$ cat model_0.tsv   # TSV, C-alpha atoms
chain	number	residue	atom	x	y	z
A	2	MET	CA	-20.88	-28.32	-2.21
A	3	GLU	CA	-18.32	-28.61	0.55
A	4	LYS	CA	-18.43	-25.72	2.99
A	5	LEU	CA	-15.39	-23.51	3.45
A	6	HIS	CA	-15.04	-22.92	7.15
A	7	SER	CA	-13.01	-19.88	8.27
A	8	GLU	CA	-11.37	-19.38	4.87
A	9	SER	CA	-10.84	-16.11	3.10
A	10	PRO	CA	-12.37	-15.33	-0.31
A	11	SER	CA	-10.22	-16.55	-3.18
A	12	SER	CA	-8.25	-14.21	-5.43
A	13	ASP	CA	-10.72	-15.08	-8.24
A	14	MET	CA	-13.62	-13.87	-6.10
A	15	LEU	CA	-11.75	-10.69	-5.25
A	16	SER	CA	-10.91	-10.14	-8.92
A	17	THR	CA	-14.55	-10.57	-9.93
A	18	LEU	CA	-15.68	-8.16	-7.23
A	19	LEU	CA	-13.03	-5.64	-8.24
A	20	ARG	CA	-13.97	-5.87	-11.92
A	21	ARG	CA	-17.69	-5.47	-11.23
A	22	ASN	CA	-17.20	-2.43	-9.03
A	23	ALA	CA	-14.75	-0.86	-11.46
A	24	LEU	CA	-17.39	-1.06	-14.16
A	25	SER	CA	-20.03	0.41	-11.86
A	26	GLY	CA	-17.85	3.38	-10.97
A	27	LEU	CA	-17.05	2.49	-7.37
A	28	VAL	CA	-13.36	2.15	-8.10
A	29	PRO	CA	-11.20	3.33	-11.03
A	30	GLU	CA	-11.67	1.27	-14.17
A	31	PHE	CA	-8.73	-0.87	-15.18
A	32	PRO	CA	-7.72	-2.23	-18.57
A	33	ALA	CA	-9.47	-5.36	-19.75
A	34	GLY	CA	-7.83	-8.74	-19.48
A	35	GLU	CA	-6.73	-10.90	-16.60
A	36	ILE	CA	-7.10	-8.76	-13.50
A	37	GLU	CA	-4.12	-10.34	-11.70
A	38	GLU	CA	-1.68	-9.82	-14.57
A	39	ASP	CA	0.11	-6.81	-15.93
A	40	TRP	CA	-1.32	-4.97	-18.89
A	41	LEU	CA	0.09	-3.17	-21.87
A	42	GLU	CA	-0.80	0.16	-23.42
A	43	PRO	CA	0.35	1.60	-26.75
A	44	GLN	CA	3.93	2.80	-26.42
A	45	SER	CA	3.01	6.26	-27.68
A	46	ALA	CA	0.38	6.63	-24.96
A	47	ALA	CA	2.79	5.40	-22.30
A	48	ASP	CA	5.45	7.86	-23.47
A	49	GLU	CA	2.97	10.75	-23.39
A	50	ARG	CA	1.81	9.82	-19.91
A	51	LEU	CA	5.39	9.60	-18.63
A	52	GLU	CA	6.17	12.98	-20.20
A	53	ARG	CA	3.25	14.62	-18.36
A	54	PHE	CA	4.63	13.35	-15.06
A	55	ARG	CA	8.16	14.49	-15.88
A	56	GLU	CA	6.95	17.99	-16.75
A	57	LEU	CA	5.28	18.29	-13.34
A	58	LEU	CA	8.22	16.80	-11.43
A	59	ASP	CA	10.93	18.75	-13.28
A	60	ASN	CA	9.48	22.18	-12.58
A	61	GLU	CA	12.40	24.20	-11.23
A	62	THR	CA	10.53	26.06	-8.50
A	63	TYR	CA	7.39	24.18	-7.50
A	64	VAL	CA	5.69	20.79	-7.92
A	65	ASN	CA	1.95	21.17	-8.36
A	66	VAL	CA	0.91	18.29	-6.09
A	67	HIS	CA	-2.77	18.74	-6.96
A	68	LYS	CA	-2.10	18.18	-10.67
A	69	LEU	CA	0.34	15.39	-9.85
A	70	ALA	CA	-2.30	13.59	-7.78
A	71	LYS	CA	-4.86	14.04	-10.54
A	72	GLU	CA	-2.52	12.32	-13.00
A	73	ALA	CA	-1.61	9.64	-10.47
A	74	ARG	CA	-5.23	8.56	-10.03
A	75	ASN	CA	-5.01	7.06	-13.51
A	76	GLY	CA	-1.80	5.20	-12.72
A	77	VAL	CA	1.87	6.15	-12.34
A	78	PRO	CA	4.66	4.92	-14.64
A	79	GLU	CA	7.15	2.84	-12.70
A	80	GLU	CA	10.00	5.13	-13.82
A	81	VAL	CA	8.65	7.93	-11.61
A	82	ARG	CA	6.45	6.08	-9.10
A	83	SER	CA	8.85	6.50	-6.18
A	84	GLU	CA	9.10	10.26	-6.62
A	85	VAL	CA	5.38	10.68	-7.25
A	86	TRP	CA	4.41	8.70	-4.16
A	87	LYS	CA	6.69	10.82	-2.00
A	88	TYR	CA	5.02	14.02	-3.16
A	89	ILE	CA	1.41	12.86	-2.94
A	90	LEU	CA	2.00	11.24	0.47
A	91	GLY	CA	3.50	14.49	1.74
A	92	VAL	CA	7.00	13.13	2.31
A	93	LEU	CA	8.54	15.75	0.01
A	94	ARG	CA	7.57	19.41	0.03
A	95	PRO	CA	6.36	20.97	-3.23
A	96	GLU	CA	8.79	23.92	-3.01
A	97	LYS	CA	12.02	23.16	-4.87
A	98	SER	CA	14.16	25.95	-3.40
A	99	ASP	CA	15.65	23.78	-0.65
A	100	GLU	CA	14.92	20.35	-2.16
A	101	ILE	CA	18.45	18.95	-1.85
A	102	SER	CA	19.01	20.17	1.70
A	103	TYR	CA	15.58	18.92	2.80
A	104	GLN	CA	16.19	15.46	1.37
A	105	GLN	CA	19.55	15.37	3.12
A	106	LYS	CA	17.82	16.39	6.35
A	107	LEU	CA	15.42	13.46	5.99
A	108	GLN	CA	18.30	11.06	5.34
A	109	ASN	CA	20.21	12.31	8.37
A	110	GLU	CA	17.07	12.03	10.49
A	111	TYR	CA	16.53	8.46	9.34
A	112	ASN	CA	20.16	7.58	10.10
A	113	GLU	CA	19.57	8.92	13.60
A	114	PHE	CA	16.46	6.75	13.97
A	115	VAL	CA	18.45	3.69	12.91
A	116	SER	CA	21.24	4.41	15.37
A	117	HIS	CA	18.75	4.51	18.23
A	118	ILE	CA	16.63	1.48	17.37
A	119	TYR	CA	15.68	-0.50	20.42
A	120	ASP	CA	15.96	-4.08	19.25
A	121	ASP	CA	13.16	-6.20	20.59
A	122	ASP	CA	14.46	-9.71	19.97
A	123	GLU	CA	10.96	-11.14	19.68
A	124	VAL	CA	9.89	-8.53	17.11
A	125	VAL	CA	13.08	-9.10	15.12
A	126	ARG	CA	12.53	-12.85	15.14
A	127	ARG	CA	8.91	-12.55	14.03
A	128	VAL	CA	9.65	-10.01	11.27
A	129	VAL	CA	12.46	-12.15	9.86
A	130	HIS	CA	10.28	-15.26	10.02
A	131	GLU	CA	7.44	-13.55	8.14
A	132	VAL	CA	9.76	-12.13	5.47
A	133	ARG	CA	11.30	-15.54	4.84
A	134	ARG	CA	7.86	-17.17	4.77
A	135	LEU	CA	6.51	-14.70	2.22
A	136	LYS	CA	9.56	-15.04	-0.02
A	137	THR	CA	8.78	-18.71	-0.51
A	138	LEU	CA	4.97	-18.46	-0.46
A	139	SER	CA	4.47	-17.87	-4.19
A	140	ALA	CA	6.14	-16.34	-7.22
A	141	SER	CA	3.70	-13.42	-7.05
A	142	THR	CA	4.56	-12.67	-3.42
A	143	ALA	CA	8.29	-13.05	-4.06
A	144	GLU	CA	8.12	-10.23	-6.63
A	145	PHE	CA	7.86	-7.72	-3.81
A	146	PHE	CA	11.28	-8.69	-2.50
A	147	SER	CA	13.06	-7.21	-5.49
A	148	ARG	CA	13.21	-3.58	-6.60
A	149	GLU	CA	11.45	-1.86	-9.50
A	150	ASP	CA	14.93	-0.51	-10.25
A	151	LYS	CA	16.71	-3.84	-10.81
A	152	SER	CA	20.13	-2.22	-10.34
A	153	GLN	CA	19.29	-1.74	-6.66
A	154	GLY	CA	19.29	-5.48	-5.93
A	155	LYS	CA	16.95	-7.41	-3.70
A	156	VAL	CA	15.20	-6.19	-0.60
A	157	ASP	CA	16.99	-7.34	2.53
A	158	GLU	CA	15.07	-8.72	5.51
A	159	ASN	CA	16.98	-6.35	7.81
A	160	MET	CA	15.31	-3.46	6.02
A	161	PHE	CA	11.94	-4.75	7.21
A	162	VAL	CA	13.29	-5.07	10.75
A	163	ARG	CA	14.54	-1.48	10.74
A	164	LEU	CA	11.43	0.11	9.21
A	165	ILE	CA	8.98	-1.72	11.42
A	166	SER	CA	11.06	-1.33	14.60
A	167	ILE	CA	11.45	2.41	14.04
A	168	GLN	CA	7.74	2.83	13.34
A	169	LEU	CA	6.74	0.87	16.44
A	170	GLY	CA	9.05	3.08	18.50
A	171	ARG	CA	7.62	6.28	17.04
A	172	ALA	CA	3.98	5.19	16.84
A	173	ARG	CA	1.35	7.76	17.74
A	174	MET	CA	-0.79	5.06	19.34
A	175	GLU	CA	0.05	2.05	21.47
A	176	ILE	CA	0.40	-0.63	18.83
A	177	GLU	CA	2.20	-3.95	18.72
A	178	TYR	CA	3.88	-5.75	15.87
A	179	HIS	CA	1.60	-7.71	13.57
A	180	PRO	CA	2.75	-9.87	10.62
A	181	THR	CA	0.57	-7.87	8.22
A	182	MET	CA	3.01	-4.97	8.67
A	183	VAL	CA	5.53	-6.91	6.57
A	184	ARG	CA	3.10	-7.04	3.66
A	185	LEU	CA	2.40	-3.32	4.04
A	186	VAL	CA	6.11	-2.44	3.98
A	187	ALA	CA	7.09	-4.74	1.08
A	188	PRO	CA	5.60	-2.65	-1.77
A	189	LEU	CA	7.20	0.51	-0.36
A	190	LEU	CA	10.64	-1.09	-0.29
A	191	HIS	CA	10.00	-2.50	-3.76
A	192	VAL	CA	9.24	0.92	-5.24
A	193	ASN	CA	11.74	3.16	-3.44
A	194	ARG	CA	15.47	3.13	-4.14
A	195	ALA	CA	16.42	4.49	-0.73
A	196	GLU	CA	15.47	2.70	2.46
A	197	SER	CA	14.85	6.06	4.11
A	198	ASP	CA	12.33	6.98	1.38
A	199	ALA	CA	10.46	3.73	1.99
A	200	TYR	CA	10.39	4.49	5.71
A	201	TYR	CA	8.93	7.99	5.30
A	202	CYS	CA	6.27	6.65	2.92
A	203	PHE	CA	5.47	3.98	5.51
A	204	ASP	CA	5.29	6.62	8.23
A	205	ALA	CA	2.96	8.80	6.12
A	206	LEU	CA	0.72	5.83	5.43
A	207	MET	CA	0.63	4.80	9.08
A	208	LYS	CA	-0.49	8.26	10.17
A	209	LYS	CA	-3.97	7.24	9.06
A	210	HIS	CA	-3.53	3.48	9.09
A	211	GLU	CA	-2.27	3.06	12.65
A	212	ALA	CA	-5.74	2.71	14.17
A	213	LEU	CA	-6.19	-0.57	12.30
A	214	PHE	CA	-3.45	-2.07	14.46
A	215	THR	CA	-5.42	-1.38	17.63
A	216	ARG	CA	-8.29	-3.60	18.74
A	217	ASP	CA	-10.90	-0.82	18.95
A	218	GLY	CA	-9.85	0.84	15.72
A	219	LEU	CA	-9.89	-2.42	13.78
A	220	ASN	CA	-13.27	-3.45	15.19
A	221	ARG	CA	-14.81	-0.11	14.19
A	222	ALA	CA	-13.34	-0.31	10.71
A	223	VAL	CA	-14.46	-3.92	10.17
A	224	THR	CA	-18.00	-3.04	11.27
A	225	SER	CA	-18.15	-0.06	8.90
A	226	PHE	CA	-16.68	-2.09	6.07
A	227	LEU	CA	-19.19	-4.94	6.45
A	228	THR	CA	-22.10	-2.52	6.69
A	229	LEU	CA	-21.09	-0.88	3.43
A	230	LEU	CA	-20.28	-4.20	1.78
A	231	ARG	CA	-23.78	-5.51	2.60
A	232	ALA	CA	-25.35	-2.40	1.12
A	233	LEU	CA	-23.33	-2.38	-2.10
A	234	GLU	CA	-22.60	-6.07	-2.70
A	235	PRO	CA	-25.45	-8.11	-1.17
A	236	GLU	CA	-24.95	-11.03	-3.59
A	237	PHE	CA	-21.27	-11.28	-2.70
A	238	VAL	CA	-22.08	-11.23	1.02
A	239	SER	CA	-24.80	-13.86	0.56
A	240	HIS	CA	-22.37	-16.10	-1.27
A	241	LEU	CA	-19.82	-15.82	1.54
A	242	GLU	CA	-22.48	-16.58	4.11
A	243	SER	CA	-23.70	-19.61	2.16
A	244	GLU	CA	-20.13	-20.92	2.15
A	245	GLU	CA	-19.80	-20.13	5.87
A	246	VAL	CA	-16.84	-17.85	5.27
A	247	GLU	CA	-16.34	-15.85	8.44
A	248	PRO	CA	-15.64	-12.11	7.89
A	249	ASN	CA	-13.05	-12.05	10.67
A	250	SER	CA	-11.00	-14.58	8.72
A	251	TRP	CA	-10.35	-12.15	5.87
A	252	VAL	CA	-11.61	-8.59	6.44
A	253	PRO	CA	-8.95	-7.54	9.00
A	254	ALA	CA	-6.09	-8.73	6.77
A	255	TRP	CA	-7.57	-6.97	3.73
A	256	MET	CA	-7.83	-3.78	5.74
A	257	GLN	CA	-4.45	-3.88	7.46
A	258	THR	CA	-2.50	-4.64	4.28
A	259	LEU	CA	-4.52	-2.57	1.79
A	260	LEU	CA	-4.80	-5.82	-0.19
A	261	ALA	CA	-1.04	-6.35	-0.36
A	262	GLY	CA	-1.66	-9.98	0.53
A	263	GLN	CA	-4.40	-10.54	-2.01
A	264	LEU	CA	-3.39	-8.89	-5.29
A	265	ALA	CA	-0.50	-9.46	-7.68
A	266	ARG	CA	2.18	-6.77	-7.83
A	267	PRO	CA	1.13	-4.82	-10.98
A	268	LEU	CA	-2.50	-4.46	-9.90
A	269	LEU	CA	-1.63	-3.67	-6.29
A	270	LEU	CA	0.78	-0.88	-7.24
A	271	ARG	CA	-1.79	0.48	-9.69
A	272	LEU	CA	-4.44	0.53	-6.97
A	273	TRP	CA	-2.08	2.16	-4.49
A	274	ASP	CA	-1.39	4.87	-7.08
A	275	THR	CA	-5.08	5.72	-6.98
A	276	TYR	CA	-5.43	5.37	-3.23
A	277	PHE	CA	-2.48	7.61	-2.36
A	278	ALA	CA	-3.65	10.24	-4.86
A	279	SER	CA	-7.31	10.29	-3.86
A	280	SER	CA	-9.10	12.80	-1.68
A	281	GLU	CA	-10.83	11.65	1.47
A	282	VAL	CA	-14.19	11.66	-0.33
A	283	SER	CA	-12.84	9.65	-3.25
A	284	LYS	CA	-11.25	7.14	-0.89
A	285	LEU	CA	-14.66	6.39	0.54
A	286	ARG	CA	-15.78	5.38	-2.94
A	287	ILE	CA	-13.14	2.66	-3.04
A	288	VAL	CA	-13.59	1.63	0.56
A	289	PHE	CA	-14.07	-2.00	-0.44
A	290	PHE	CA	-10.48	-2.25	-1.42
A	291	PHE	CA	-8.75	0.52	0.45
A	292	GLN	CA	-10.64	0.04	3.66
A	293	GLY	CA	-12.66	2.56	5.60
A	294	HIS	CA	-9.81	3.55	7.92
A	295	VAL	CA	-9.80	6.95	6.21
A	296	ALA	CA	-12.85	7.73	8.32
A	297	TYR	CA	-10.68	7.50	11.43
A	298	GLY	CA	-7.75	9.51	10.07
$ encode --input "model_0.tsv" --output "structure tokens"
Amino acid sequence: MEKLHSESPSSDMLSTLLRRNALSGLVPEFPAGEIEEDWLEPQSAADERLERFRELLDNETYVNVHKLAKEARNGVPEEVRSEVWKYILGVLRPEKSDEISYQQKLQNEYNEFVSHIYDDDEVVRRVVHEVRRLKTLSASTAEFFSREDKSQGKVDENMFVRLISIQLGRARMEIEYHPTMVRLVAPLLHVNRAESDAYYCFDALMKKHEALFTRDGLNRAVTSFLTLLRALEPEFVSHLESEEVEPNSWVPAWMQTLLAGQLARPLLLRLWDTYFASSEVSKLRIVFFFQGHVAYG
């Protein structure tokens, strides 16, 4: 067999690994069928699930985020995914008394960030290049450059420039632009109607994810990931080694993008539902796919 030098594991290999670990309880179990494709559930069950989310979200005084997260671990209907993500990521506050004024405050704050963006021409050029490259990479990748709400139109490349530029300017650590940031931002822009909502979700995610964009933080996370992978999936590791697949050719990208570059849209969003809703302990159980950076949060 021809050796694969410095190549990443294929999507089929990832799908097999994901399926096996789902069945063994390491990650949430997903419906049977092709792992990369969307799945269907009985309409009555889907309607009941959506109603449970609406009851929690429509409470007039308080959103029980604990119950919301518990429901979200089993998947979030796309009709309410944007709102649910904002609550379980801590973007929105559970108290409803000043909900409208608080959301307006966030919008005004974001407008202020935009007005004070320091445009780094090199960062702008690289972000635009990566967005255009991903749009033409495959049909699956291109799906992220539209919105779940089709009436909102397509995602504009300038949105990526603004979100990433603002985050780099407000970063808690000294980090530089990396192309994987585009993949990390794309699902957030896809799900959220408002650009400002996507930004605050990105900011909440980066609070714990930022270390993976520093050399030391990424090295620690990769080491921890490989140690755990060897313990839990020795056959998978042996196969990669027999094919001379170097970990550094795929592990960092998996970790920095939370698999946004490896999984098709329906499965990725479903996995992010679980990741965003999980406790720190639960996240460690799905560390294969949602990377051990939680240990450094």
$ closest_residue --input "model_0.tsv" --among "A:Leu51, A:Val183, A:Ser102, A:Pro248" --to "A:Thr228" --atoms "all atoms listed in the file"
A:Pro248
$ residues_near_point --input "model_0.tsv" --point "(9.2, -1.4, 11.5)" --cutoff "10 Å" --atoms "only C-alpha atoms" --output "number ranges by chain"
A: 118, 124-125, 128, 159-172, 178, 182-183, 186, 200, 203-204
$ atom_distance --input "model_0.tsv" --atom1 "atom CA of A:Glu236" --atom2 "atom CA of A:Val252"
16.9 Å
$ atom_distance --input "model_0.tsv" --atom1 "atom CA of A:Pro253" --atom2 "atom CA of A:Val85"
28.3 Å
$ residues_around --input "model_0.tsv" --residues "A:Lys155" --least-positions-apart "3" --cutoff "7 Å" --atoms "all atoms listed in the file" --output "PyMOL selection string"
chain A and resi 146-148
$ residues_around --input "model_0.tsv" --residues "A:Phe214" --least-positions-apart "5" --cutoff "10 Å" --atoms "only C-alpha atoms" --output "list of chain:residue names"
A:Met174, A:Glu175, A:Ile176, A:Glu177, A:Tyr178, A:His179, A:Thr181, A:Met182, A:Met207, A:Leu219, A:Asn220, A:Pro253, A:Met256, A:Gln257
$ atom_distance --input "model_0.tsv" --atom1 "atom CA of A:Arg126" --atom2 "atom CA of A:Ala140"
23.5 Å
$ residues_around --input "model_0.tsv" --residues "A:Phe145" --least-positions-apart "6" --cutoff "7 Å" --atoms "all atoms listed in the file" --output "compact mmCIF listing (two decimals) with C-alpha atoms, in the coordinates of the input"
# COMPACT_ATOMS: atom_id res chain seq x y z
CA ALA A 187 7.09 -4.74 1.08
CA PRO A 188 5.60 -2.65 -1.77
CA HIS A 191 10.00 -2.50 -3.76
$ closest_residue --input "model_0.tsv" --among "A:Val77, A:Glu100, A:Lys68, A:Arg94" --to "A:Arg50" --atoms "only C-alpha atoms"
A:Val77
$ closest_residue --input "model_0.tsv" --among "A:Ser45, A:Ser250, A:Thr62, A:Asn112" --to "A:Ser197" --atoms "only C-alpha atoms"
A:Asn112
$ residues_around --input "model_0.tsv" --residues "A:Ala73" --least-positions-apart "5" --cutoff "7 Å" --atoms "all atoms listed in the file" --output "PyMOL selection string"
chain A and resi 274-275+278
$ residues_around --input "model_0.tsv" --residues "A:Glu84" --least-positions-apart "5" --cutoff "9 Å" --atoms "only C-alpha atoms" --output "list in words"
Leu58, Ile89, Leu93 and Asn193 of chain A
$ decode --input "model_0.tsv" --residues "stretch 107-144 of chain A" --atoms "N, CA and C atoms" --output "mmCIF file, in the first residue's frame"
data_model
loop_
_atom_site.group_PDB
_atom_site.id
_atom_site.type_symbol
_atom_site.label_atom_id
_atom_site.label_comp_id
_atom_site.auth_asym_id
_atom_site.auth_seq_id
_atom_site.Cartn_x
_atom_site.Cartn_y
_atom_site.Cartn_z
ATOM 1 N N LEU A 107 -25.633 45.610 23.442
ATOM 2 C CA LEU A 107 -24.647 44.788 22.738
ATOM 3 C C LEU A 107 -24.478 45.260 21.290
ATOM 4 N N GLN A 108 -25.594 45.592 20.641
ATOM 5 C CA GLN A 108 -25.515 46.062 19.258
ATOM 6 C C GLN A 108 -24.747 47.373 19.179
ATOM 7 N N ASN A 109 -25.030 48.282 20.086
ATOM 8 C CA ASN A 109 -24.317 49.561 20.090
ATOM 9 C C ASN A 109 -22.827 49.363 20.355
ATOM 10 N N GLU A 110 -22.522 48.446 21.263
ATOM 11 C CA GLU A 110 -21.129 48.147 21.583
ATOM 12 C C GLU A 110 -20.417 47.578 20.354
ATOM 13 N N TYR A 111 -21.098 46.690 19.646
ATOM 14 C CA TYR A 111 -20.489 46.107 18.445
ATOM 15 C C TYR A 111 -20.272 47.181 17.376
ATOM 16 N N ASN A 112 -21.242 48.066 17.212
ATOM 17 C CA ASN A 112 -21.086 49.155 16.243
ATOM 18 C C ASN A 112 -19.866 50.008 16.579
ATOM 19 N N GLU A 113 -19.634 50.181 17.877
ATOM 20 C CA GLU A 113 -18.473 50.950 18.316
ATOM 21 C C GLU A 113 -17.182 50.204 17.978
ATOM 22 N N PHE A 114 -17.186 48.896 18.186
ATOM 23 C CA PHE A 114 -16.014 48.092 17.814
ATOM 24 C C PHE A 114 -15.709 48.247 16.322
ATOM 25 N N VAL A 115 -16.751 48.161 15.509
ATOM 26 C CA VAL A 115 -16.577 48.249 14.052
ATOM 27 C C VAL A 115 -16.002 49.600 13.654
ATOM 28 N N SER A 116 -16.478 50.650 14.307
ATOM 29 C CA SER A 116 -16.028 51.996 13.936
ATOM 30 C C SER A 116 -14.578 52.250 14.306
ATOM 31 N N HIS A 117 -14.038 51.399 15.188
ATOM 32 C CA HIS A 117 -12.652 51.596 15.616
ATOM 33 C C HIS A 117 -11.728 50.456 15.193
ATOM 34 N N ILE A 118 -12.164 49.691 14.194
ATOM 35 C CA ILE A 118 -11.309 48.612 13.696
ATOM 36 C C ILE A 118 -10.020 49.199 13.122
ATOM 37 N N TYR A 119 -8.921 48.610 13.531
ATOM 38 C CA TYR A 119 -7.645 48.963 12.913
ATOM 39 C C TYR A 119 -7.405 47.969 11.783
ATOM 40 N N ASP A 120 -7.518 48.437 10.564
ATOM 41 C CA ASP A 120 -7.373 47.564 9.411
ATOM 42 C C ASP A 120 -5.918 47.242 9.148
ATOM 43 N N ASP A 121 -5.586 45.992 9.365
ATOM 44 C CA ASP A 121 -4.271 45.487 8.998
ATOM 45 C C ASP A 121 -4.419 44.923 7.582
ATOM 46 N N ASP A 122 -3.815 45.597 6.617
ATOM 47 C CA ASP A 122 -4.012 45.209 5.219
ATOM 48 C C ASP A 122 -3.653 43.759 4.957
ATOM 49 N N GLU A 123 -2.625 43.260 5.627
ATOM 50 C CA GLU A 123 -2.200 41.882 5.413
ATOM 51 C C GLU A 123 -3.237 40.902 5.960
ATOM 52 N N VAL A 124 -3.796 41.213 7.139
ATOM 53 C CA VAL A 124 -4.837 40.362 7.712
ATOM 54 C C VAL A 124 -6.066 40.370 6.818
ATOM 55 N N VAL A 125 -6.464 41.556 6.355
ATOM 56 C CA VAL A 125 -7.627 41.656 5.470
ATOM 57 C C VAL A 125 -7.413 40.814 4.217
ATOM 58 N N ARG A 126 -6.254 40.939 3.624
ATOM 59 C CA ARG A 126 -5.954 40.193 2.397
ATOM 60 C C ARG A 126 -6.024 38.694 2.640
ATOM 61 N N ARG A 127 -5.472 38.240 3.746
ATOM 62 C CA ARG A 127 -5.428 36.798 4.025
ATOM 63 C C ARG A 127 -6.811 36.247 4.380
ATOM 64 N N VAL A 128 -7.604 37.034 5.122
ATOM 65 C CA VAL A 128 -8.966 36.596 5.449
ATOM 66 C C VAL A 128 -9.795 36.465 4.173
ATOM 67 N N VAL A 129 -9.752 37.487 3.338
ATOM 68 C CA VAL A 129 -10.525 37.468 2.086
ATOM 69 C C VAL A 129 -10.089 36.298 1.206
ATOM 70 N N HIS A 130 -8.795 36.082 1.120
ATOM 71 C CA HIS A 130 -8.279 34.967 0.316
ATOM 72 C C HIS A 130 -8.809 33.632 0.829
ATOM 73 N N GLU A 131 -8.798 33.442 2.143
ATOM 74 C CA GLU A 131 -9.247 32.167 2.713
ATOM 75 C C GLU A 131 -10.745 31.978 2.520
ATOM 76 N N VAL A 132 -11.527 33.051 2.681
ATOM 77 C CA VAL A 132 -12.970 32.952 2.473
ATOM 78 C C VAL A 132 -13.266 32.550 1.037
ATOM 79 N N ARG A 133 -12.625 33.202 0.092
ATOM 80 C CA ARG A 133 -12.857 32.886 -1.318
ATOM 81 C C ARG A 133 -12.405 31.465 -1.654
ATOM 82 N N ARG A 134 -11.317 31.029 -1.039
ATOM 83 C CA ARG A 134 -10.822 29.672 -1.285
ATOM 84 C C ARG A 134 -11.820 28.643 -0.774
ATOM 85 N N LEU A 135 -12.353 28.859 0.428
ATOM 86 C CA LEU A 135 -13.274 27.897 1.016
ATOM 87 C C LEU A 135 -14.603 27.850 0.269
ATOM 88 N N LYS A 136 -15.028 28.978 -0.257
ATOM 89 C CA LYS A 136 -16.287 29.009 -1.002
ATOM 90 C C LYS A 136 -16.257 28.088 -2.209
ATOM 91 N N THR A 137 -15.088 27.922 -2.795
ATOM 92 C CA THR A 137 -14.970 27.109 -4.002
ATOM 93 C C THR A 137 -14.361 25.731 -3.728
ATOM 94 N N LEU A 138 -14.078 25.433 -2.462
ATOM 95 C CA LEU A 138 -13.389 24.188 -2.126
ATOM 96 C C LEU A 138 -14.270 22.976 -2.363
ATOM 97 N N SER A 139 -15.518 23.027 -1.885
ATOM 98 C CA SER A 139 -16.457 21.928 -2.068
ATOM 99 C C SER A 139 -17.863 22.435 -1.781
ATOM 100 N N ALA A 140 -18.843 21.658 -2.235
ATOM 101 C CA ALA A 140 -20.237 22.033 -1.983
ATOM 102 C C ALA A 140 -20.525 22.034 -0.498
ATOM 103 N N SER A 141 -19.945 21.080 0.236
ATOM 104 C CA SER A 141 -20.158 20.993 1.680
ATOM 105 C C SER A 141 -19.626 22.227 2.391
ATOM 106 N N THR A 142 -18.416 22.662 2.016
ATOM 107 C CA THR A 142 -17.826 23.855 2.626
ATOM 108 C C THR A 142 -18.618 25.095 2.271
ATOM 109 N N ALA A 143 -19.081 25.178 1.027
ATOM 110 C CA ALA A 143 -19.809 26.360 0.568
ATOM 111 C C ALA A 143 -21.108 26.566 1.332
ATOM 112 N N GLU A 144 -21.657 25.489 1.920
ATOM 113 C CA GLU A 144 -22.914 25.606 2.665
ATOM 114 C C GLU A 144 -22.794 26.594 3.815
#
